[in-house]
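Enquirer: Starting off with a structure, shown below.
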Amino acid sequence: MSELPKLVILVSGSGSNLQAIMDASAAGDLEASIGLVISNRPGVKALQRAEQAHIPQLCIPHQDYPDRESFEAALIGSIDTIQPKAVILAGFDRLLSPTFIRHYPQQIINIHPALLPAFPGMHGVKQALDYGAKVTGVTVHFVDEGMDTGPIILQTSLPIEEQATEAQLLERVHALEHRIFPAAIQLMVTGRLQIDGRRVHIL
Ligand code: GRF
């Protein structure tokens with residue numbers, strides 16, 4: 001059997017999406033292996049999840065570096081030891097510079113908890129609720145040099161019910177994320193995505 005393509009997953013927090021990706025890989029639904037998990041925050045649950053699954057993990061605290069450039073140089077140094085097919089942002093909370101993004105052309109994938117281009121940024125679920133949107137959802141996209149602006153791979157929607165609280169909506173959004181993120185990564189690693197300007201064709 002030929003070796004599976006490798007992923008590097010960048011995290012900052014709870015890592016529920018990391019868990020979904022690890023589970024999909026273990027179940028054979030995702031034909032990729034996770035070569036390395038990197039957190040920019042020490043002690044987060046995502047690192048514990050990786051440890052439990054015996055996946056190599058590393059903490060590179062951004063605060064230990066004087067500027068973005070030196071932090072990203074450390075990230076790149078570690079990521080490149082793996083030579084990953086894709087770099088996955090699974091709740092990673094640092095903005096990445098054009099230099100970093102150009103280092104991995106069409107290889108960086110992010111998940112966002114809203115239907116982009118609506119509600120970009122850090123609080124997509126709360127923003128949709130506060131705005132009074134009737135529908136929201138989840139977007140998986142390639143990362144370009146803007147914030148949450150890259151070409152869209154998959155989106156799924158869900159209705160916002162009249163009485164929904166933020167916690168309830170968050171839970172439903174997470175459940176959707178855990179389904180479509182591994183599916184989108186599977187499309188990428190099996191070569192089924194073709195980027196054509198803003199459009200991503202699924203072959
Ligand atoms: C997710 O809601 C994701 O959409 C956003 O950050 C959150 C990460 O959650 N980018 P987790 O760490 O995967 O549980």
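Quick note on naming: the chains in the structure tokens go A, B, ... in the order shown, residues restart at 1 in each chain, and ligands are numbered from 1 in order of appearance.
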Sort by chain and increasing residue number a table of all residues of chain A within 6 Å of ligand 1, each with its closest pair of atoms and their distance in Å to one decimal, counting only C-alpha atoms and all ligand atoms, and write it as JSON lines.

Expert:
{"residue": "A:Gly13", "atom": "CA", "partner": "ligand 1", "partner_atom_place_in_ligand_line": "12 (O)", "distance": 4.6}
{"residue": "A:Ser14", "atom": "CA", "partner": "ligand 1", "partner_atom_place_in_ligand_line": "12 (O)", "distance": 3.9}
{"residue": "A:Gly15", "atom": "CA", "partner": "ligand 1", "partner_atom_place_in_ligand_line": "12 (O)", "distance": 3.5}
{"residue": "A:Ser16", "atom": "CA", "partner": "ligand 1", "partner_atom_place_in_ligand_line": "14 (O)", "distance": 3.5}
{"residue": "A:Asn17", "atom": "CA", "partner": "ligand 1", "partner_atom_place_in_ligand_line": "13 (O)", "distance": 3.6}
{"residue": "A:Leu18", "atom": "CA", "partner": "ligand 1", "partner_atom_place_in_ligand_line": "13 (O)", "distance": 5.8}
{"residue": "A:Ala90", "atom": "CA", "partner": "ligand 1", "partner_atom_place_in_ligand_line": "13 (O)", "distance": 5.3}
{"residue": "A:Gly91", "atom": "CA", "partner": "ligand 1", "partner_atom_place_in_ligand_line": "6 (O)", "distance": 3.5}
{"residue": "A:Ile111", "atom": "CA", "partner": "ligand 1", "partner_atom_place_in_ligand_line": "4 (O)", "distance": 4.8}
{"residue": "A:His112", "atom": "CA", "partner": "ligand 1", "partner_atom_place_in_ligand_line": "4 (O)", "distance": 4.0}
{"residue": "A:Pro113", "atom": "CA", "partner": "ligand 1", "partner_atom_place_in_ligand_line": "4 (O)", "distance": 4.1}
{"residue": "A:His174", "atom": "CA", "partner": "ligand 1", "partner_atom_place_in_ligand_line": "2 (O)", "distance": 6.0}

Enquirer: If you run DSSP on the backbone, which residues of chain A are strand (DSSP E or B), as a PDB file with N, CA, C and O atoms, in the first residue's frame?

Expert:
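Produced file selection-v7.pdb, reproduced below:
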ATOM      1  N   LYS A   6       0.057  13.324   3.942  1.00  0.00           N
ATOM      2  CA  LYS A   6       0.089  13.789   5.347  1.00  0.00           C
ATOM      3  C   LYS A   6      -0.583  15.156   5.507  1.00  0.00           C
ATOM      4  O   LYS A   6      -0.552  15.985   4.602  1.00  0.00           O
ATOM      5  N   LEU A   7      -1.124  15.338   6.694  1.00  0.00           N
ATOM      6  CA  LEU A   7      -1.708  16.628   7.066  1.00  0.00           C
ATOM      7  C   LEU A   7      -0.941  17.191   8.250  1.00  0.00           C
ATOM      8  O   LEU A   7      -0.517  16.441   9.133  1.00  0.00           O
ATOM      9  N   VAL A   8      -0.805  18.515   8.267  1.00  0.00           N
ATOM     10  CA  VAL A   8      -0.411  19.203   9.500  1.00  0.00           C
ATOM     11  C   VAL A   8      -1.630  20.020   9.930  1.00  0.00           C
ATOM     12  O   VAL A   8      -2.247  20.711   9.104  1.00  0.00           O
ATOM     13  N   ILE A   9      -1.994  19.907  11.193  1.00  0.00           N
ATOM     14  CA  ILE A   9      -3.194  20.585  11.682  1.00  0.00           C
ATOM     15  C   ILE A   9      -2.798  21.630  12.714  1.00  0.00           C
ATOM     16  O   ILE A   9      -2.115  21.311  13.697  1.00  0.00           O
ATOM     17  N   LEU A  10      -3.219  22.864  12.484  1.00  0.00           N
ATOM     18  CA  LEU A  10      -2.923  23.964  13.406  1.00  0.00           C
ATOM     19  C   LEU A  10      -4.162  24.234  14.259  1.00  0.00           C
ATOM     20  O   LEU A  10      -5.271  24.368  13.736  1.00  0.00           O
ATOM     21  N   VAL A  11      -3.957  24.312  15.564  1.00  0.00           N
ATOM     22  CA  VAL A  11      -5.067  24.462  16.510  1.00  0.00           C
ATOM     23  C   VAL A  11      -4.732  25.539  17.544  1.00  0.00           C
ATOM     24  O   VAL A  11      -3.559  25.911  17.697  1.00  0.00           O
ATOM     25  N   SER A  33      -3.007  10.816   6.667  1.00  0.00           N
ATOM     26  CA  SER A  33      -2.592  10.620   8.052  1.00  0.00           C
ATOM     27  C   SER A  33      -2.168  11.969   8.631  1.00  0.00           C
ATOM     28  O   SER A  33      -1.718  12.855   7.898  1.00  0.00           O
ATOM     29  N   ILE A  34      -2.342  12.105   9.918  1.00  0.00           N
ATOM     30  CA  ILE A  34      -2.022  13.378  10.557  1.00  0.00           C
ATOM     31  C   ILE A  34      -0.577  13.298  11.032  1.00  0.00           C
ATOM     32  O   ILE A  34      -0.247  12.541  11.946  1.00  0.00           O
ATOM     33  N   GLY A  35       0.282  14.062  10.356  1.00  0.00           N
ATOM     34  CA  GLY A  35       1.711  13.979  10.639  1.00  0.00           C
ATOM     35  C   GLY A  35       2.115  14.776  11.864  1.00  0.00           C
ATOM     36  O   GLY A  35       3.071  14.429  12.556  1.00  0.00           O
ATOM     37  N   LEU A  36       1.366  15.852  12.122  1.00  0.00           N
ATOM     38  CA  LEU A  36       1.745  16.749  13.220  1.00  0.00           C
ATOM     39  C   LEU A  36       0.586  17.672  13.549  1.00  0.00           C
ATOM     40  O   LEU A  36      -0.107  18.163  12.652  1.00  0.00           O
ATOM     41  N   VAL A  37       0.397  17.886  14.853  1.00  0.00           N
ATOM     42  CA  VAL A  37      -0.570  18.892  15.335  1.00  0.00           C
ATOM     43  C   VAL A  37       0.251  19.979  16.018  1.00  0.00           C
ATOM     44  O   VAL A  37       1.100  19.681  16.862  1.00  0.00           O
ATOM     45  N   ILE A  38       0.003  21.231  15.635  1.00  0.00           N
ATOM     46  CA  ILE A  38       0.733  22.346  16.258  1.00  0.00           C
ATOM     47  C   ILE A  38      -0.272  23.313  16.880  1.00  0.00           C
ATOM     48  O   ILE A  38      -1.224  23.746  16.217  1.00  0.00           O
ATOM     49  N   SER A  39      -0.036  23.642  18.147  1.00  0.00           N
ATOM     50  CA  SER A  39      -0.852  24.651  18.819  1.00  0.00           C
ATOM     51  C   SER A  39       0.001  25.883  19.093  1.00  0.00           C
ATOM     52  O   SER A  39       1.180  25.765  19.421  1.00  0.00           O
ATOM     53  N   GLN A  57       2.767  16.007  18.389  1.00  0.00           N
ATOM     54  CA  GLN A  57       2.228  17.339  18.638  1.00  0.00           C
ATOM     55  C   GLN A  57       3.303  18.241  19.192  1.00  0.00           C
ATOM     56  O   GLN A  57       4.271  17.777  19.791  1.00  0.00           O
ATOM     57  N   LEU A  58       3.042  19.508  18.986  1.00  0.00           N
ATOM     58  CA  LEU A  58       4.054  20.512  19.285  1.00  0.00           C
ATOM     59  C   LEU A  58       3.326  21.779  19.694  1.00  0.00           C
ATOM     60  O   LEU A  58       2.279  22.097  19.141  1.00  0.00           O
ATOM     61  N   CYS A  59       3.904  22.488  20.675  1.00  0.00           N
ATOM     62  CA  CYS A  59       3.358  23.805  20.989  1.00  0.00           C
ATOM     63  C   CYS A  59       4.383  24.845  20.574  1.00  0.00           C
ATOM     64  O   CYS A  59       5.556  24.765  20.966  1.00  0.00           O
ATOM     65  N   ALA A  86      -1.478  19.009   2.864  1.00  0.00           N
ATOM     66  CA  ALA A  86      -2.334  20.142   3.230  1.00  0.00           C
ATOM     67  C   ALA A  86      -2.025  20.600   4.648  1.00  0.00           C
ATOM     68  O   ALA A  86      -1.641  19.798   5.501  1.00  0.00           O
ATOM     69  N   VAL A  87      -2.203  21.901   4.852  1.00  0.00           N
ATOM     70  CA  VAL A  87      -2.104  22.502   6.190  1.00  0.00           C
ATOM     71  C   VAL A  87      -3.530  22.888   6.579  1.00  0.00           C
ATOM     72  O   VAL A  87      -4.186  23.667   5.879  1.00  0.00           O
ATOM     73  N   ILE A  88      -4.007  22.317   7.676  1.00  0.00           N
ATOM     74  CA  ILE A  88      -5.413  22.476   8.054  1.00  0.00           C
ATOM     75  C   ILE A  88      -5.510  23.408   9.257  1.00  0.00           C
ATOM     76  O   ILE A  88      -4.886  23.155  10.299  1.00  0.00           O
ATOM     77  N   LEU A  89      -6.312  24.458   9.118  1.00  0.00           N
ATOM     78  CA  LEU A  89      -6.551  25.373  10.242  1.00  0.00           C
ATOM     79  C   LEU A  89      -7.840  24.925  10.928  1.00  0.00           C
ATOM     80  O   LEU A  89      -8.933  25.077  10.385  1.00  0.00           O
ATOM     81  N   ILE A 108      -3.656  25.373   2.001  1.00  0.00           N
ATOM     82  CA  ILE A 108      -4.139  25.697   3.352  1.00  0.00           C
ATOM     83  C   ILE A 108      -5.666  25.745   3.330  1.00  0.00           C
ATOM     84  O   ILE A 108      -6.268  26.409   2.476  1.00  0.00           O
ATOM     85  N   ILE A 109      -6.263  25.016   4.276  1.00  0.00           N
ATOM     86  CA  ILE A 109      -7.733  24.921   4.326  1.00  0.00           C
ATOM     87  C   ILE A 109      -8.207  25.349   5.713  1.00  0.00           C
ATOM     88  O   ILE A 109      -7.625  24.962   6.730  1.00  0.00           O
ATOM     89  N   ASN A 110      -9.291  26.133   5.724  1.00  0.00           N
ATOM     90  CA  ASN A 110      -9.844  26.641   6.990  1.00  0.00           C
ATOM     91  C   ASN A 110     -11.323  26.288   7.086  1.00  0.00           C
ATOM     92  O   ASN A 110     -11.999  26.115   6.074  1.00  0.00           O
ATOM     93  N   ILE A 111     -11.809  26.209   8.321  1.00  0.00           N
ATOM     94  CA  ILE A 111     -13.254  26.068   8.531  1.00  0.00           C
ATOM     95  C   ILE A 111     -13.762  27.309   9.237  1.00  0.00           C
ATOM     96  O   ILE A 111     -13.108  27.825  10.149  1.00  0.00           O
ATOM     97  N   HIS A 112     -14.924  27.770   8.790  1.00  0.00           N
ATOM     98  CA  HIS A 112     -15.509  28.979   9.385  1.00  0.00           C
ATOM     99  C   HIS A 112     -16.959  28.699   9.783  1.00  0.00           C
ATOM    100  O   HIS A 112     -17.722  28.142   8.990  1.00  0.00           O
ATOM    101  N   VAL A 135     -30.987  31.845   8.618  1.00  0.00           N
ATOM    102  CA  VAL A 135     -30.204  30.677   8.191  1.00  0.00           C
ATOM    103  C   VAL A 135     -28.743  30.990   8.424  1.00  0.00           C
ATOM    104  O   VAL A 135     -28.302  32.114   8.206  1.00  0.00           O
ATOM    105  N   THR A 136     -28.002  30.016   8.911  1.00  0.00           N
ATOM    106  CA  THR A 136     -26.545  30.180   8.942  1.00  0.00           C
ATOM    107  C   THR A 136     -25.929  28.848   8.517  1.00  0.00           C
ATOM    108  O   THR A 136     -26.623  28.028   7.910  1.00  0.00           O
ATOM    109  N   GLY A 137     -24.675  28.612   8.845  1.00  0.00           N
ATOM    110  CA  GLY A 137     -24.078  27.352   8.415  1.00  0.00           C
ATOM    111  C   GLY A 137     -22.590  27.327   8.632  1.00  0.00           C
ATOM    112  O   GLY A 137     -22.062  27.990   9.531  1.00  0.00           O
ATOM    113  N   VAL A 138     -21.936  26.566   7.781  1.00  0.00           N
ATOM    114  CA  VAL A 138     -20.513  26.298   7.923  1.00  0.00           C
ATOM    115  C   VAL A 138     -19.874  26.386   6.538  1.00  0.00           C
ATOM    116  O   VAL A 138     -20.480  25.967   5.549  1.00  0.00           O
ATOM    117  N   THR A 139     -18.655  26.923   6.497  1.00  0.00           N
ATOM    118  CA  THR A 139     -17.923  27.030   5.229  1.00  0.00           C
ATOM    119  C   THR A 139     -16.533  26.426   5.391  1.00  0.00           C
ATOM    120  O   THR A 139     -15.829  26.741   6.352  1.00  0.00           O
ATOM    121  N   VAL A 140     -16.142  25.582   4.458  1.00  0.00           N
ATOM    122  CA  VAL A 140     -14.746  25.137   4.386  1.00  0.00           C
ATOM    123  C   VAL A 140     -14.155  25.782   3.133  1.00  0.00           C
ATOM    124  O   VAL A 140     -14.758  25.704   2.054  1.00  0.00           O
ATOM    125  N   HIS A 141     -13.010  26.436   3.292  1.00  0.00           N
ATOM    126  CA  HIS A 141     -12.464  27.175   2.151  1.00  0.00           C
ATOM    127  C   HIS A 141     -10.936  27.120   2.125  1.00  0.00           C
ATOM    128  O   HIS A 141     -10.294  26.908   3.163  1.00  0.00           O
ATOM    129  N   PHE A 142     -10.397  27.326   0.933  1.00  0.00           N
ATOM    130  CA  PHE A 142      -8.953  27.529   0.823  1.00  0.00           C
ATOM    131  C   PHE A 142      -8.637  28.890   1.433  1.00  0.00           C
ATOM    132  O   PHE A 142      -9.454  29.817   1.380  1.00  0.00           O
ATOM    133  N   ILE A 152     -14.301  28.862  -1.904  1.00  0.00           N
ATOM    134  CA  ILE A 152     -15.112  27.981  -1.051  1.00  0.00           C
ATOM    135  C   ILE A 152     -15.115  26.545  -1.585  1.00  0.00           C
ATOM    136  O   ILE A 152     -15.401  26.309  -2.768  1.00  0.00           O
ATOM    137  N   ILE A 153     -14.828  25.609  -0.701  1.00  0.00           N
ATOM    138  CA  ILE A 153     -14.825  24.187  -1.071  1.00  0.00           C
ATOM    139  C   ILE A 153     -16.199  23.574  -0.813  1.00  0.00           C
ATOM    140  O   ILE A 153     -16.812  22.985  -1.701  1.00  0.00           O
ATOM    141  N   LEU A 154     -16.688  23.679   0.415  1.00  0.00           N
ATOM    142  CA  LEU A 154     -18.019  23.133   0.761  1.00  0.00           C
ATOM    143  C   LEU A 154     -18.719  24.111   1.706  1.00  0.00           C
ATOM    144  O   LEU A 154     -18.066  24.757   2.536  1.00  0.00           O
ATOM    145  N   GLN A 155     -20.034  24.158   1.579  1.00  0.00           N
ATOM    146  CA  GLN A 155     -20.854  24.889   2.561  1.00  0.00           C
ATOM    147  C   GLN A 155     -22.080  24.060   2.886  1.00  0.00           C
ATOM    148  O   GLN A 155     -22.610  23.374   2.010  1.00  0.00           O
ATOM    149  N   THR A 156     -22.523  24.168   4.131  1.00  0.00           N
ATOM    150  CA  THR A 156     -23.788  23.539   4.537  1.00  0.00           C
ATOM    151  C   THR A 156     -24.537  24.532   5.408  1.00  0.00           C
ATOM    152  O   THR A 156     -23.930  25.229   6.212  1.00  0.00           O
ATOM    153  N   SER A 157     -25.849  24.547   5.252  1.00  0.00           N
ATOM    154  CA  SER A 157     -26.645  25.532   5.987  1.00  0.00           C
ATOM    155  C   SER A 157     -27.496  24.868   7.053  1.00  0.00           C
ATOM    156  O   SER A 157     -27.740  23.658   7.014  1.00  0.00           O
ATOM    157  N   LEU A 158     -27.943  25.689   7.992  1.00  0.00           N
ATOM    158  CA  LEU A 158     -28.944  25.214   8.960  1.00  0.00           C
ATOM    159  C   LEU A 158     -29.817  26.396   9.363  1.00  0.00           C
ATOM    160  O   LEU A 158     -29.359  27.534   9.412  1.00  0.00           O
ATOM    161  N   PRO A 159     -31.110  26.122   9.634  1.00  0.00           N
ATOM    162  CA  PRO A 159     -32.002  27.209  10.027  1.00  0.00           C
ATOM    163  C   PRO A 159     -31.701  27.673  11.451  1.00  0.00           C
ATOM    164  O   PRO A 159     -31.290  26.869  12.289  1.00  0.00           O
ATOM    165  N   LEU A 193     -10.270  18.494  -6.197  1.00  0.00           N
ATOM    166  CA  LEU A 193     -10.620  19.918  -6.206  1.00  0.00           C
ATOM    167  C   LEU A 193      -9.792  20.658  -7.247  1.00  0.00           C
ATOM    168  O   LEU A 193      -8.575  20.491  -7.320  1.00  0.00           O
ATOM    169  N   GLN A 194     -10.489  21.449  -8.043  1.00  0.00           N
ATOM    170  CA  GLN A 194      -9.796  22.267  -9.037  1.00  0.00           C
ATOM    171  C   GLN A 194     -10.207  23.727  -8.827  1.00  0.00           C
ATOM    172  O   GLN A 194     -11.396  24.044  -8.911  1.00  0.00           O
ATOM    173  N   ILE A 195      -9.224  24.559  -8.518  1.00  0.00           N
ATOM    174  CA  ILE A 195      -9.533  25.965  -8.280  1.00  0.00           C
ATOM    175  C   ILE A 195      -9.508  26.717  -9.603  1.00  0.00           C
ATOM    176  O   ILE A 195      -8.542  26.624 -10.369  1.00  0.00           O
ATOM    177  N   ASP A 196     -10.599  27.456  -9.834  1.00  0.00           N
ATOM    178  CA  ASP A 196     -10.754  28.186 -11.083  1.00  0.00           C
ATOM    179  C   ASP A 196     -11.201  29.601 -10.695  1.00  0.00           C
ATOM    180  O   ASP A 196     -12.392  29.861 -10.569  1.00  0.00           O
ATOM    181  N   ARG A 199     -13.948  30.030  -8.004  1.00  0.00           N
ATOM    182  CA  ARG A 199     -14.755  28.815  -7.943  1.00  0.00           C
ATOM    183  C   ARG A 199     -13.888  27.586  -7.740  1.00  0.00           C
ATOM    184  O   ARG A 199     -12.805  27.462  -8.291  1.00  0.00           O
ATOM    185  N   VAL A 200     -14.403  26.689  -6.930  1.00  0.00           N
ATOM    186  CA  VAL A 200     -13.702  25.411  -6.719  1.00  0.00           C
ATOM    187  C   VAL A 200     -14.587  24.324  -7.330  1.00  0.00           C
ATOM    188  O   VAL A 200     -15.706  24.098  -6.866  1.00  0.00           O
ATOM    189  N   HIS A 201     -14.083  23.688  -8.378  1.00  0.00           N
ATOM    190  CA  HIS A 201     -14.835  22.612  -9.012  1.00  0.00           C
ATOM    191  C   HIS A 201     -14.509  21.296  -8.305  1.00  0.00           C
ATOM    192  O   HIS A 201     -13.345  21.005  -8.037  1.00  0.00           O
ATOM    193  N   ILE A 202     -15.542  20.521  -8.070  1.00  0.00           N
ATOM    194  CA  ILE A 202     -15.349  19.192  -7.476  1.00  0.00           C
ATOM    195  C   ILE A 202     -15.410  18.181  -8.597  1.00  0.00           C
ATOM    196  O   ILE A 202     -16.427  18.041  -9.277  1.00  0.00           O
TER     197      ILE A 202
END

Enquirer: For the structure I just gave you, how does DSSP split segment 85-129 of chain A - specifically, which residues are helix (DSSP H, G or I)? Reply as a list in words.

Expert: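 Those in segment 85-129 of chain A that DSSP calls helix (DSSP H, G or I) are Pro98, Thr99, Phe100, Ile101, Arg102, His103, Gly124, Val125, Lys126, Gln127, Ala128 and Leu129 of chain A.
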
Enquirer: Tell me which protein, DNA and RNA residues are within 8 Å of Arg49 of chain A, counting only C-alpha atoms, leaving out same-chain ones fewer than 3 positions away, and put them as an MDAnalysis selection string.

Expert: chainID A and resid 15 19 45:46 52:53

Enquirer: Could you save the residues just selected, with all heavy atoms, as a PDB file, in the first residue's frame?

Expert:
ATOM      1  N   GLY A  15     -10.275  21.823  19.984  1.00  0.00           N
ATOM      2  CA  GLY A  15      -9.863  20.763  19.062  1.00  0.00           C
ATOM      3  C   GLY A  15     -10.951  19.765  18.717  1.00  0.00           C
ATOM      4  O   GLY A  15     -10.651  18.628  18.347  1.00  0.00           O
ATOM      5  N   GLN A  19     -10.496  16.444  16.460  1.00  0.00           N
ATOM      6  CA  GLN A  19     -11.002  15.119  16.834  1.00  0.00           C
ATOM      7  C   GLN A  19     -11.772  14.484  15.671  1.00  0.00           C
ATOM      8  O   GLN A  19     -11.586  13.299  15.361  1.00  0.00           O
ATOM      9  CB  GLN A  19     -11.932  15.251  18.059  1.00  0.00           C
ATOM     10  CG  GLN A  19     -12.338  13.922  18.658  1.00  0.00           C
ATOM     11  CD  GLN A  19     -11.157  13.222  19.322  1.00  0.00           C
ATOM     12  OE1 GLN A  19     -10.502  13.776  20.179  1.00  0.00           O
ATOM     13  NE2 GLN A  19     -10.888  11.998  18.901  1.00  0.00           N
ATOM     14  N   LYS A  45      -6.904  21.756  25.072  1.00  0.00           N
ATOM     15  CA  LYS A  45      -7.475  20.422  24.964  1.00  0.00           C
ATOM     16  C   LYS A  45      -7.089  19.741  23.640  1.00  0.00           C
ATOM     17  O   LYS A  45      -6.943  18.521  23.570  1.00  0.00           O
ATOM     18  CB  LYS A  45      -8.999  20.506  25.098  1.00  0.00           C
ATOM     19  CG  LYS A  45      -9.662  19.171  25.244  1.00  0.00           C
ATOM     20  CD  LYS A  45     -11.078  19.292  25.749  1.00  0.00           C
ATOM     21  CE  LYS A  45     -11.729  17.907  25.756  1.00  0.00           C
ATOM     22  NZ  LYS A  45     -13.176  17.986  25.858  1.00  0.00           N
ATOM     23  N   ALA A  46      -6.926  20.541  22.605  1.00  0.00           N
ATOM     24  CA  ALA A  46      -6.550  19.967  21.306  1.00  0.00           C
ATOM     25  C   ALA A  46      -5.247  19.179  21.416  1.00  0.00           C
ATOM     26  O   ALA A  46      -5.110  18.098  20.821  1.00  0.00           O
ATOM     27  CB  ALA A  46      -6.420  21.080  20.265  1.00  0.00           C
ATOM     28  N   GLN A  52      -3.558  11.725  23.163  1.00  0.00           N
ATOM     29  CA  GLN A  52      -4.337  10.499  23.383  1.00  0.00           C
ATOM     30  C   GLN A  52      -4.382   9.617  22.144  1.00  0.00           C
ATOM     31  O   GLN A  52      -4.462   8.408  22.233  1.00  0.00           O
ATOM     32  CB  GLN A  52      -5.764  10.850  23.798  1.00  0.00           C
ATOM     33  CG  GLN A  52      -5.901  10.894  25.324  1.00  0.00           C
ATOM     34  CD  GLN A  52      -7.179  11.609  25.762  1.00  0.00           C
ATOM     35  OE1 GLN A  52      -8.131  11.708  24.991  1.00  0.00           O
ATOM     36  NE2 GLN A  52      -7.176  12.098  26.984  1.00  0.00           N
ATOM     37  N   ALA A  53      -4.367  10.261  20.981  1.00  0.00           N
ATOM     38  CA  ALA A  53      -4.427   9.501  19.724  1.00  0.00           C
ATOM     39  C   ALA A  53      -3.025   9.133  19.223  1.00  0.00           C
ATOM     40  O   ALA A  53      -2.882   8.611  18.119  1.00  0.00           O
ATOM     41  CB  ALA A  53      -5.171  10.320  18.678  1.00  0.00           C
TER      42      ALA A  53
END

Enquirer: In Å to one decimal, how far is atom CA of Leu95 of chain A from atom CA of Phe71 of chain A?

Expert: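 Atom CA of Phe71 of chain A sits 11.4 Å away from atom CA of Leu95 of chain A.
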
Enquirer: Find the residue from A:Pro182, A:Arg102, A:Leu75, A:Gln83 that sits nearest to Ala27 of chain A; use only C-alpha atoms when measuring.

Expert: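 That would be A:Pro182, the residue with the smallest distance to Ala27 of chain A.
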
Enquirer: In Å, how far is it from atom CA of His54 of chain A to atom CA of Ile76 of chain A?

Expert: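 Straight-line distance from atom CA of His54 of chain A to atom CA of Ile76 of chain A works out to 22.2 Å.
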
Enquirer: Just the number, please: distance in Å from atom CA of Gly146 of chain A to atom CA of Leu203 of chain A, one decimal.

Expert: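 Taking atom CA of Gly146 of chain A as the start and atom CA of Leu203 of chain A as the end point, the length is 25.9 Å.
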
Enquirer: Which of these, A:Leu96, A:Ile160, A:Leu170, A:Ala26, has the shortest distance to Lys126 of chain A once you count only C-alpha atoms?

Expert: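 Distance minimum relative to Lys126 of chain A lands on A:Leu170.
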
Enquirer: Here is a test: counting only C-alpha atoms, which residue of A:Pro5, A:Asp130, A:Val173, A:Pro56 is nearest to Leu115 of chain A?

Expert: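 Between A:Pro5, A:Asp130, A:Val173, A:Pro56, the residue approaching Leu115 of chain A most closely is A:Val173.
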
Enquirer: Of the residues A:Ala32, A:Ala164, A:Ala73, A:Leu176, which is the one nearest to Lys85 of chain A, using only C-alpha atoms?

Expert: A:Ala32

Enquirer: So that I can see what lies close to Pro61 of chain A, please list as a PDB file with C-alpha atoms, in the first residue's frame the residues with an atom at most 8 Å from it, counting only C-alpha atoms and leaving out residues fewer than 5 positions away in the same chain.

Expert:
ATOM      1  CA  SER A  39      -0.852  24.651  18.819  1.00  0.00           C
ATOM      2  CA  ASN A  40       0.098  28.277  19.374  1.00  0.00           C
ATOM      3  CA  ARG A  41      -1.334  28.030  22.910  1.00  0.00           C
ATOM      4  CA  PRO A  42       0.045  25.786  25.647  1.00  0.00           C
TER       5      PRO A  42
END
